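Listing of target-v9.cif, mmCIF, C-alpha atoms and all ligand atoms
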data_entry
loop_
_atom_site.label_atom_id
_atom_site.label_comp_id
_atom_site.auth_asym_id
_atom_site.auth_seq_id
_atom_site.Cartn_x
_atom_site.Cartn_y
_atom_site.Cartn_z
CA MET P 1126 -16.76 18.01 -9.78
CA VAL P 1127 -15.41 21.55 -9.37
CA PHE P 1128 -11.96 20.17 -10.20
CA PHE P 1129 -12.78 19.98 -13.86
CA ARG P 1130 -12.15 23.72 -13.93
CA VAL P 1131 -8.53 23.35 -12.81
CA PRO P 1132 -6.19 23.90 -15.79
CA GLN P 1133 -4.48 20.74 -16.97
CA HIS P 1134 -0.97 22.03 -16.30
CA LEU P 1135 -1.88 22.49 -12.61
CA TRP P 1136 -3.80 19.23 -12.36
CA ARG P 1137 -0.74 17.40 -13.66
CA ASP P 1138 1.56 19.18 -11.21
CA TYR P 1139 2.44 17.13 -8.11
CA ASN P 1140 3.31 20.23 -6.07
CA TRP P 1141 -0.07 21.76 -6.88
CA GLN P 1142 -1.77 18.56 -5.76
CA ILE P 1143 0.11 18.58 -2.46
CA LYS P 1144 -0.36 22.30 -1.87
CA ASN P 1145 -4.09 21.97 -2.41
CA ARG P 1146 -4.72 18.95 -0.23
CA ILE P 1147 -8.10 19.06 1.48
CA LYS P 1148 -7.72 19.06 5.24
CA THR P 1149 -10.83 20.61 6.76
CA ILE P 1150 -14.57 20.00 6.89
CA GLU P 1151 -15.22 23.37 5.25
CA GLU P 1152 -12.96 22.61 2.29
CA LEU P 1153 -14.34 19.11 1.87
CA GLN P 1154 -17.94 20.29 1.99
CA LYS P 1155 -17.35 22.30 -1.17
CA PHE P 1156 -17.15 19.00 -3.03
CA ILE P 1157 -19.13 16.44 -1.07
CA ILE P 1158 -22.17 16.44 1.20
CA LEU P 1159 -20.64 14.86 4.29
CA THR P 1160 -22.54 12.41 6.46
CA ARG P 1161 -22.94 13.07 10.17
CA GLU P 1162 -20.50 10.24 10.90
CA GLU P 1163 -17.88 11.79 8.65
CA ILE P 1164 -18.25 15.26 10.17
CA GLU P 1165 -17.92 13.76 13.62
CA GLY P 1166 -15.07 11.60 12.38
CA ILE P 1167 -13.06 14.53 11.00
CA LYS P 1168 -13.56 16.45 14.25
CA ARG P 1169 -12.75 13.59 16.60
CA THR P 1170 -9.71 12.24 14.76
CA GLN P 1171 -7.98 15.64 14.64
CA GLY P 1172 -4.51 15.50 16.12
CA LEU P 1173 -4.59 11.71 16.35
CA TYR P 1174 -5.40 10.54 12.83
CA PRO P 1175 -5.62 13.72 10.74
CA MET P 1176 -7.14 14.03 7.29
CA ALA P 1177 -5.44 15.13 4.08
CA ILE P 1178 -6.70 14.28 0.59
CA THR P 1179 -5.18 15.29 -2.73
CA PRO P 1180 -7.64 16.89 -5.15
CA TYR P 1181 -6.80 14.07 -7.59
CA TYR P 1182 -7.75 11.29 -5.13
CA LEU P 1183 -10.85 13.23 -4.03
CA SER P 1184 -11.92 13.53 -7.67
CA LEU P 1185 -12.23 9.72 -7.83
CA ILE P 1186 -15.02 9.75 -5.23
CA ASP P 1187 -18.63 9.46 -6.31
CA PRO P 1188 -20.11 12.27 -4.16
CA GLU P 1189 -23.54 10.63 -4.28
CA ASP P 1190 -22.34 7.39 -2.69
CA PRO P 1191 -21.66 7.47 1.07
CA ASN P 1192 -20.00 4.04 0.79
CA ASP P 1193 -17.76 4.89 -2.12
CA PRO P 1194 -14.55 2.82 -1.72
CA ILE P 1195 -12.26 5.83 -2.18
CA ARG P 1196 -14.30 7.81 0.31
CA LEU P 1197 -14.00 5.01 2.89
CA GLN P 1198 -10.22 5.02 2.50
CA ALA P 1199 -9.81 8.80 2.66
CA ILE P 1200 -12.46 10.45 4.86
CA PRO P 1201 -12.29 9.81 8.62
CA ARG P 1202 -15.24 8.28 10.42
CA ALA P 1203 -15.97 8.50 14.11
CA VAL P 1204 -15.64 4.72 14.40
CA GLU P 1205 -11.81 5.10 14.24
CA VAL P 1206 -11.72 6.63 17.71
CA GLU P 1207 -14.62 4.79 19.28
CA GLU P 1208 -13.83 2.66 22.26
CA GLU P 1209 -14.70 -0.70 20.74
CA VAL P 1210 -12.29 -0.05 17.87
CA GLN P 1211 -9.59 1.61 20.01
CA LYS P 1212 -9.53 -1.16 22.59
CA PHE P 1213 -8.62 -3.74 19.93
CA GLY P 1214 -5.37 -3.76 18.07
CA GLU P 1215 -2.07 -2.09 18.80
CA PRO P 1216 -0.44 1.04 17.42
CA ASP P 1217 2.61 -0.98 16.34
CA ALA P 1218 1.21 -4.50 15.91
CA LEU P 1219 4.12 -5.52 13.67
CA ARG P 1220 6.80 -4.33 16.12
CA GLU P 1221 8.51 -2.02 13.65
CA GLU P 1222 9.97 0.37 16.19
CA GLY P 1223 13.51 -0.58 17.08
CA GLU P 1224 16.67 0.90 18.56
CA ILE P 1225 17.52 3.07 15.59
CA PRO P 1226 14.67 5.46 14.81
CA GLY P 1227 13.19 4.63 11.43
CA LEU P 1228 14.99 1.31 10.96
CA THR P 1229 13.45 -2.17 11.23
CA HIS P 1230 15.61 -5.26 10.75
CA ARG P 1231 13.29 -8.26 10.90
CA TYR P 1232 14.39 -10.70 8.20
CA PRO P 1233 18.15 -11.32 8.08
CA ASP P 1234 18.67 -10.07 4.52
CA ARG P 1235 16.27 -7.11 4.53
CA VAL P 1236 15.77 -3.82 6.31
CA LEU P 1237 13.01 -1.27 6.31
CA MET P 1238 13.86 2.44 6.39
CA THR P 1239 10.99 4.79 7.22
CA VAL P 1240 12.16 8.19 6.04
CA THR P 1241 9.20 10.49 6.67
CA THR P 1242 5.82 10.68 8.40
CA PHE P 1243 4.36 12.72 5.52
CA CYS P 1244 1.73 11.21 3.24
CA ALA P 1245 -0.14 12.73 0.31
CA VAL P 1246 -3.33 11.20 1.70
CA TYR P 1247 -3.75 9.76 5.18
CA CYS P 1248 -5.35 6.42 4.41
CA ARG P 1249 -7.81 5.45 7.09
CA HIS P 1250 -6.68 1.81 7.12
CA CYS P 1251 -2.95 2.57 7.30
CA MET P 1252 -0.81 0.03 9.18
CA ARG P 1253 1.42 2.92 10.35
CA LYS P 1254 -1.44 5.09 11.57
CA ARG P 1255 0.48 5.62 14.79
CA ILE P 1256 2.85 7.99 12.99
CA PHE P 1257 0.11 10.39 11.84
CA ALA P 1258 0.06 12.05 15.26
CA GLU P 1259 3.78 12.89 14.99
CA GLY P 1260 3.03 15.59 12.44
CA GLU P 1261 4.58 15.82 8.99
CA ARG P 1262 8.30 15.35 9.46
CA ALA P 1263 11.00 13.97 7.22
CA ARG P 1264 13.96 12.28 8.92
CA THR P 1265 16.95 14.53 9.38
CA LYS P 1266 20.27 13.89 7.63
CA GLU P 1267 21.69 12.66 10.96
CA GLU P 1268 18.86 10.14 11.35
CA ILE P 1269 19.27 8.94 7.76
CA ASP P 1270 23.03 8.61 8.27
CA ARG P 1271 22.49 6.47 11.38
CA MET P 1272 20.35 4.10 9.38
CA LEU P 1273 22.89 4.02 6.55
CA ASP P 1274 25.73 3.30 9.01
CA TYR P 1275 23.76 0.37 10.40
CA ILE P 1276 23.21 -1.05 6.93
CA LYS P 1277 26.91 -0.58 6.10
CA GLU P 1278 27.88 -2.53 9.22
CA HIS P 1279 25.49 -5.41 8.51
CA GLU P 1280 26.80 -7.30 5.52
CA GLU P 1281 23.88 -9.71 5.54
CA VAL P 1282 21.55 -6.93 4.35
CA ARG P 1283 20.97 -7.33 0.60
CA ASP P 1284 17.62 -5.63 0.24
CA VAL P 1285 16.50 -2.23 1.53
CA LEU P 1286 12.85 -1.19 1.54
CA ILE P 1287 12.44 2.57 1.79
CA SER P 1288 9.04 3.53 3.10
CA GLY P 1289 7.28 6.09 5.29
CA GLY P 1290 4.84 7.69 5.32
CA GLU P 1291 5.46 8.45 1.71
CA PRO P 1292 9.15 8.12 0.84
CA LEU P 1293 8.87 9.68 -2.61
CA SER P 1294 7.49 12.84 -1.03
CA LEU P 1295 11.11 13.63 -0.13
CA GLY P 1296 12.75 16.15 -2.41
CA ASN P 1297 14.85 14.88 -5.29
CA GLU P 1298 18.15 15.91 -3.67
CA LYS P 1299 17.43 14.01 -0.49
CA LEU P 1300 16.39 10.95 -2.48
CA ARG P 1301 19.55 11.20 -4.56
CA TYR P 1302 21.59 11.35 -1.35
CA ILE P 1303 19.96 8.25 0.18
CA LEU P 1304 20.19 6.24 -3.02
CA SER P 1305 23.78 7.17 -3.79
CA LYS P 1306 24.85 6.29 -0.24
CA LEU P 1307 23.03 2.96 -0.45
CA ARG P 1308 24.66 2.21 -3.78
CA GLU P 1309 28.09 2.77 -2.19
CA ILE P 1310 27.36 -0.21 0.07
CA LYS P 1311 28.50 -3.24 -1.89
CA HIS P 1312 26.28 -5.80 -0.16
CA VAL P 1313 23.05 -3.88 -0.90
CA GLU P 1314 21.70 -5.40 -4.10
CA ILE P 1315 18.04 -4.45 -4.18
CA ILE P 1316 16.41 -1.15 -3.29
CA ARG P 1317 12.65 -0.98 -3.09
CA PHE P 1318 10.28 1.91 -2.45
CA GLY P 1319 6.97 1.31 -0.70
CA THR P 1320 5.00 4.18 -2.24
CA ARG P 1321 1.30 4.88 -2.68
CA LEU P 1322 1.86 7.87 -4.93
CA PRO P 1323 0.88 6.03 -8.14
CA VAL P 1324 -2.57 5.82 -6.50
CA LEU P 1325 -2.80 9.06 -4.51
CA ALA P 1326 -0.82 11.56 -6.59
CA PRO P 1327 0.54 9.90 -9.76
CA GLN P 1328 1.74 13.31 -10.93
CA ARG P 1329 4.91 12.75 -8.87
CA PHE P 1330 6.15 10.46 -11.63
CA PHE P 1331 5.76 13.10 -14.31
CA ASP P 1332 8.96 14.63 -12.92
CA GLU P 1333 11.73 13.49 -15.29
CA GLU P 1334 14.41 14.38 -12.75
CA LEU P 1335 12.93 11.92 -10.24
CA LEU P 1336 12.79 9.24 -12.93
CA ASP P 1337 16.45 9.97 -13.81
CA ILE P 1338 17.46 9.52 -10.16
CA LEU P 1339 15.59 6.23 -9.84
CA GLU P 1340 17.02 4.93 -13.11
CA GLU P 1341 20.58 5.93 -12.20
CA HIS P 1342 20.43 3.83 -9.03
CA SER P 1343 19.03 0.68 -10.63
CA PRO P 1344 17.93 -1.95 -9.69
CA ILE P 1345 15.05 -0.16 -8.01
CA TRP P 1346 11.65 -1.73 -7.51
CA ILE P 1347 8.38 -0.04 -6.67
CA ASN P 1348 5.86 -1.65 -4.31
CA THR P 1349 2.62 0.22 -4.61
CA HIS P 1350 -0.80 -0.15 -3.06
CA PHE P 1351 -3.90 -0.18 -5.27
CA ASN P 1352 -6.94 -1.38 -3.32
CA HIS P 1353 -9.82 -0.83 -5.72
CA PRO P 1354 -10.36 -0.80 -9.50
CA LYS P 1355 -11.53 2.83 -9.31
CA GLU P 1356 -7.94 3.76 -8.46
CA ILE P 1357 -6.78 2.62 -11.89
CA THR P 1358 -7.03 5.74 -14.01
CA GLU P 1359 -5.38 7.25 -17.07
CA LEU P 1360 -3.03 9.19 -14.82
CA SER P 1361 -2.07 6.23 -12.63
CA GLN P 1362 -1.47 4.23 -15.80
CA GLU P 1363 0.72 7.04 -17.16
CA ALA P 1364 2.74 7.08 -13.92
CA VAL P 1365 3.28 3.32 -14.05
CA ASP P 1366 4.22 3.53 -17.71
CA LYS P 1367 6.86 6.15 -16.99
CA LEU P 1368 8.40 3.93 -14.32
CA LEU P 1369 8.37 0.84 -16.52
CA ARG P 1370 10.03 2.73 -19.39
CA ARG P 1371 12.90 3.52 -17.00
CA GLY P 1372 13.28 -0.17 -16.14
CA ILE P 1373 11.59 0.11 -12.74
CA PRO P 1374 9.20 -2.81 -12.10
CA VAL P 1375 5.97 -2.02 -10.25
CA ASN P 1376 4.43 -4.60 -7.91
CA ASN P 1377 1.22 -4.16 -5.99
CA GLN P 1378 0.24 -4.97 -2.42
CA THR P 1379 -3.49 -4.81 -1.77
CA VAL P 1380 -4.98 -4.83 1.72
CA LEU P 1381 -8.22 -6.73 2.18
CA LEU P 1382 -10.62 -4.09 3.53
CA LYS P 1383 -14.19 -4.54 4.66
CA GLY P 1384 -16.54 -2.43 2.55
CA VAL P 1385 -13.79 -1.48 0.09
CA ASN P 1386 -12.69 -4.63 -1.70
CA ASP P 1387 -13.99 -7.64 0.27
CA ASP P 1388 -15.92 -8.82 -2.74
CA PRO P 1389 -14.59 -11.45 -5.16
CA ARG P 1390 -15.85 -9.59 -8.22
CA VAL P 1391 -14.28 -6.31 -7.15
CA MET P 1392 -11.00 -8.07 -6.44
CA LEU P 1393 -11.06 -9.79 -9.84
CA GLU P 1394 -11.67 -6.46 -11.55
CA LEU P 1395 -8.79 -4.93 -9.59
CA MET P 1396 -6.36 -7.71 -10.49
CA ARG P 1397 -7.39 -7.60 -14.15
CA GLY P 1398 -6.99 -3.83 -14.16
CA LEU P 1399 -3.53 -4.08 -12.63
CA LEU P 1400 -2.36 -6.54 -15.27
CA ARG P 1401 -3.77 -4.25 -17.94
CA ILE P 1402 -1.52 -1.42 -16.75
CA LYS P 1403 1.37 -3.89 -16.32
CA VAL P 1404 1.46 -3.87 -12.53
CA LYS P 1405 2.11 -7.28 -10.99
CA PRO P 1406 -0.29 -8.17 -8.15
CA GLN P 1407 2.11 -9.41 -5.48
CA TYR P 1408 0.30 -9.61 -2.13
CA LEU P 1409 -3.21 -9.50 -0.79
CA PHE P 1410 -2.65 -8.75 2.88
CA HIS P 1411 -5.11 -9.61 5.56
CA CYS P 1412 -5.71 -6.32 7.37
CA ASP P 1413 -3.46 -6.06 10.44
CA PRO P 1414 -4.93 -5.44 13.91
CA ILE P 1415 -3.90 -1.79 13.94
CA ARG P 1416 -5.45 0.43 16.56
CA GLY P 1417 -7.93 2.79 14.91
CA ALA P 1418 -8.32 0.60 11.81
CA VAL P 1419 -9.73 -2.71 13.03
CA HIS P 1420 -13.19 -1.83 11.66
CA PHE P 1421 -11.71 -2.56 8.21
CA ARG P 1422 -10.91 -6.15 9.15
CA THR P 1423 -12.84 -9.03 7.68
CA THR P 1424 -12.47 -12.78 8.09
CA VAL P 1425 -9.81 -15.12 6.73
CA ASP P 1426 -12.71 -17.14 5.25
CA LYS P 1427 -13.62 -14.10 3.16
CA GLY P 1428 -10.02 -13.82 1.98
CA MET P 1429 -9.97 -17.50 1.00
CA GLU P 1430 -13.30 -17.17 -0.81
CA ILE P 1431 -11.76 -14.37 -2.87
CA MET P 1432 -8.65 -16.43 -3.62
CA ARG P 1433 -10.77 -19.37 -4.78
CA TYR P 1434 -12.80 -17.06 -7.00
CA LEU P 1435 -9.69 -15.61 -8.64
CA ARG P 1436 -8.23 -19.03 -9.49
CA GLY P 1437 -9.43 -19.98 -12.97
CA ARG P 1438 -10.73 -16.53 -13.77
CA ILE P 1439 -7.39 -14.81 -14.25
CA SER P 1440 -3.96 -16.13 -15.18
CA GLY P 1441 -1.62 -17.06 -12.34
CA MET P 1442 0.28 -13.84 -13.06
CA GLY P 1443 -2.71 -11.89 -11.75
CA ILE P 1444 -3.18 -13.88 -8.56
CA PRO P 1445 -1.54 -12.31 -5.52
CA THR P 1446 -0.25 -14.25 -2.53
CA TYR P 1447 -2.79 -13.94 0.27
CA ALA P 1448 -0.84 -13.46 3.49
CA VAL P 1449 -1.09 -12.51 7.13
CA ASP P 1450 1.58 -10.67 9.06
CA LEU P 1451 2.15 -12.60 12.27
CA PRO P 1452 1.87 -10.70 15.55
CA GLY P 1453 4.98 -9.63 17.41
CA GLY P 1454 6.90 -8.98 14.18
CA LYS P 1455 7.23 -12.70 13.36
CA GLY P 1456 6.87 -12.12 9.63
CA LYS P 1457 4.49 -12.88 6.78
CA VAL P 1458 2.81 -16.23 6.20
CA PRO P 1459 0.93 -17.14 3.01
CA ILE P 1460 -2.60 -18.52 3.38
CA LEU P 1461 -3.82 -20.84 0.66
CA PRO P 1462 -7.24 -22.38 0.20
CA ASN P 1463 -6.88 -26.16 0.45
CA TYR P 1464 -7.23 -27.85 -2.94
CA ILE P 1465 -6.34 -31.33 -1.67
CA ILE P 1466 -9.57 -33.12 -0.80
CA GLU P 1467 -8.02 -36.55 -0.07
CA ARG P 1468 -4.59 -38.06 0.03
CA GLU P 1469 -3.33 -41.62 0.33
CA GLY P 1470 0.38 -41.92 -0.39
CA ASP P 1471 0.88 -40.86 -4.01
CA ARG P 1472 -2.85 -40.76 -4.71
CA PHE P 1473 -4.41 -37.34 -4.43
CA VAL P 1474 -7.90 -36.04 -5.00
CA PHE P 1475 -7.74 -32.37 -5.93
CA GLU P 1476 -10.49 -29.83 -6.27
CA SER P 1477 -10.28 -28.16 -9.69
CA PHE P 1478 -11.07 -24.47 -10.17
CA THR P 1479 -14.62 -25.45 -11.20
CA GLY P 1480 -15.12 -27.37 -7.94
CA GLU P 1481 -14.79 -30.81 -9.57
CA ALA P 1482 -13.00 -33.56 -7.59
CA VAL P 1483 -10.15 -34.91 -9.75
CA GLU P 1484 -8.05 -37.95 -8.87
CA TYR P 1485 -4.36 -37.77 -9.71
CA VAL P 1486 -1.63 -40.23 -8.82
CA ILE P 1487 1.54 -38.20 -8.65
CA ASN P 1488 4.93 -39.84 -8.88
CA GLU P 1489 3.49 -43.08 -10.31
CA PRO P 1490 6.32 -45.42 -11.40
CA VAL P 1491 7.32 -45.19 -15.07
S1 LIG P 1501 0.17 6.37 1.82
FE1 LIG P 1501 0.81 4.46 2.80
S2 LIG P 1501 1.87 5.10 4.65
FE2 LIG P 1501 0.68 6.84 3.95
S3 LIG P 1501 -1.26 6.70 5.00
FE3 LIG P 1501 -1.53 5.67 3.05
S4 LIG P 1501 -1.09 3.52 3.49
FE4 LIG P 1501 -0.25 4.73 5.19
#

Please render this file's structure as structure tokens.
Amino acid sequence: MVFFRVPQHLWRDYNWQIKNRIKTIEELQKFIILTREEIEGIKRTQGLYPMAITPYYLSLIDPEDPNDPIRLQAIPRAVEVEEEVQKFGEPDALREEGEIPGLTHRYPDRVLMTVTTFCAVYCRHCMRKRIFAEGERARTKEEIDRMLDYIKEHEEVRDVLISGGEPLSLGNEKLRYILSKLREIKHVEIIRFGTRLPVLAPQRFFDEELLDILEEHSPIWINTHFNHPKEITELSQEAVDKLLRRGIPVNNQTVLLKGVNDDPRVMLELMRGLLRIKVKPQYLFHCDPIRGAVHFRTTVDKGMEIMRYLRGRISGMGIPTYAVDLPGGKGKVPILPNYIIEREGDRFVFESFTGEAVEYVINEPV
């Protein structure tokens, strides 16, 4: 790709990546021959679900493959705005919008702060797609302060998830402000960032000042979002490594996406790749019924087939929890394949990972 001509010092510069995001058909066509559906998609999603792709993420696409998994996640298709997709799903299926703009308090001990609508790449399957149309806007200091006041007043809140959009797209000073204010609140123990930058623009983590800020406000956890093994690169590994060296654990939340990763072998490769770069696979989410993204949904049976395939082929450490988010903001529920074939009191018949039926009397008297 043309990008190979970009000098290394620019390629490794987060600000260069953001400044050079690809946002138009003309720019994109310099790198990829677009399909008719994509051209129509870019045109028809303008204003509603815009496009932006970092040169780094674009460079992961195989330009010869119209069904490349990175391409499917990054380049709009007309299907997003077609009636049969638009009529299903809701913009805010998880009921995140509440009284205080940007703040969701669903579980008693946790809150979600959404601090910006900006993203490095606008992922086509995003569960917060509704915010794309708001334009790229970080929350003001007044809005942030309102959220912080709420958290201060609610002593049951132990865990704050900072998300967006892309929360780590905020400047270092603003991040320092939010983190230092949160750390002044005695009942806040855990701070997490929901960030896709290790995948979309890992260069953000080459900024030592950002790493200093995160380390100073420990314990901080990163929840990231790798969906496909192609997203595991030398640069994403370097980003993860820099976080781990500062004592910041990195967990991953994958979304099950039709055409991208709804294949047991692809998922196994992804989970193995994540362990290799020391990222813990935490969740595999069933794709939410989000308006404009329901074409990415597949069946729960497919999800369970993948979970069965993983068991026995990778250590338990590499097996995420498969979960659905219940409608109406009722929270996450894990879905497990059933390994109990029969049960009579203490006598169980289990299905082993090879499919063998194995009898086991648990709690037999000693
Ligand atoms: S980076 Fe996250 S919030 Fe932004 S578009 Fe992608 S999935 Fe959505």

Using all atoms listed in the file, find each protein or nucleic acid residue lying at most 9 Å from ligand LIG 1501 (chain P); present the set as a count of residues only. 30

Of the candidates P:Val1385, P:Val1419, P:Val1282, P:Ile1373, which shows the shortest atom-to-atom distance to Thr1229 (chain P), using only C-alpha atoms?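 Of all the options, P:Val1282 lies closest to Thr1229 (chain P).
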
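Considering the residues P:Thr1423, P:Gln1407, P:Asn1376, P:Thr1358 and counting all atoms listed in the file, Asp1388 (chain P) has its shortest atom-to-atom contact with P:Thr1423.
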
Which protein, DNA or RNA residues are at most 10 Å from (13.8, 10.5, -10.0) in the file's coordinates when you count only C-alpha atoms, listed as a PyMOL selection string? chain P and resi 1293+1296-1298+1300-1301+1329-1342+1368+1371

Write out as a list in words the residues lying within 9 Å of Ile1164 (chain P), counting all atoms listed in the file and excluding same-chain residues fewer than 4 positions away. Ile1150, Leu1159, Thr1160, Lys1168, Arg1169, Pro1201, Arg1202 and Ala1203 of chain P

Export N, CA and C atoms of region 1282-1295 of chain P from the structure just given, as a compact mmCIF listing (two decimals), in the first residue's frame?
# COMPACT_ATOMS: atom_id res chain seq x y z
N VAL P 1282 -20.89 3.83 44.49
CA VAL P 1282 -20.14 3.68 43.24
C VAL P 1282 -18.66 3.40 43.54
N ARG P 1283 -18.22 2.19 43.18
CA ARG P 1283 -16.82 1.80 43.43
C ARG P 1283 -16.01 1.77 42.14
N ASP P 1284 -16.71 1.72 41.03
CA ASP P 1284 -16.05 1.39 39.77
C ASP P 1284 -16.58 2.34 38.68
N VAL P 1285 -15.67 3.05 38.03
CA VAL P 1285 -16.08 4.00 36.99
C VAL P 1285 -15.49 3.57 35.66
N LEU P 1286 -16.36 3.36 34.68
CA LEU P 1286 -15.91 3.03 33.33
C LEU P 1286 -15.99 4.30 32.48
N ILE P 1287 -14.85 4.72 31.98
CA ILE P 1287 -14.81 5.93 31.14
C ILE P 1287 -14.76 5.48 29.69
N SER P 1288 -15.77 5.94 28.93
CA SER P 1288 -15.86 5.47 27.56
C SER P 1288 -16.23 6.64 26.65
N GLY P 1289 -16.71 6.31 25.45
CA GLY P 1289 -17.06 7.39 24.51
C GLY P 1289 -18.13 6.88 23.58
N GLY P 1290 -17.86 7.09 22.33
CA GLY P 1290 -16.65 7.48 21.63
C GLY P 1290 -15.35 6.95 22.23
N GLU P 1291 -14.32 7.63 21.91
CA GLU P 1291 -12.98 7.18 22.29
C GLU P 1291 -12.44 8.06 23.42
N PRO P 1292 -12.47 7.57 24.66
CA PRO P 1292 -12.09 8.44 25.77
C PRO P 1292 -10.63 8.87 25.75
N LEU P 1293 -9.76 8.00 25.24
CA LEU P 1293 -8.33 8.38 25.25
C LEU P 1293 -7.97 9.29 24.09
N SER P 1294 -8.98 9.72 23.34
CA SER P 1294 -8.73 10.77 22.34
C SER P 1294 -8.71 12.14 23.03
N LEU P 1295 -9.18 12.21 24.26
CA LEU P 1295 -9.10 13.49 24.98
C LEU P 1295 -7.63 13.83 25.18
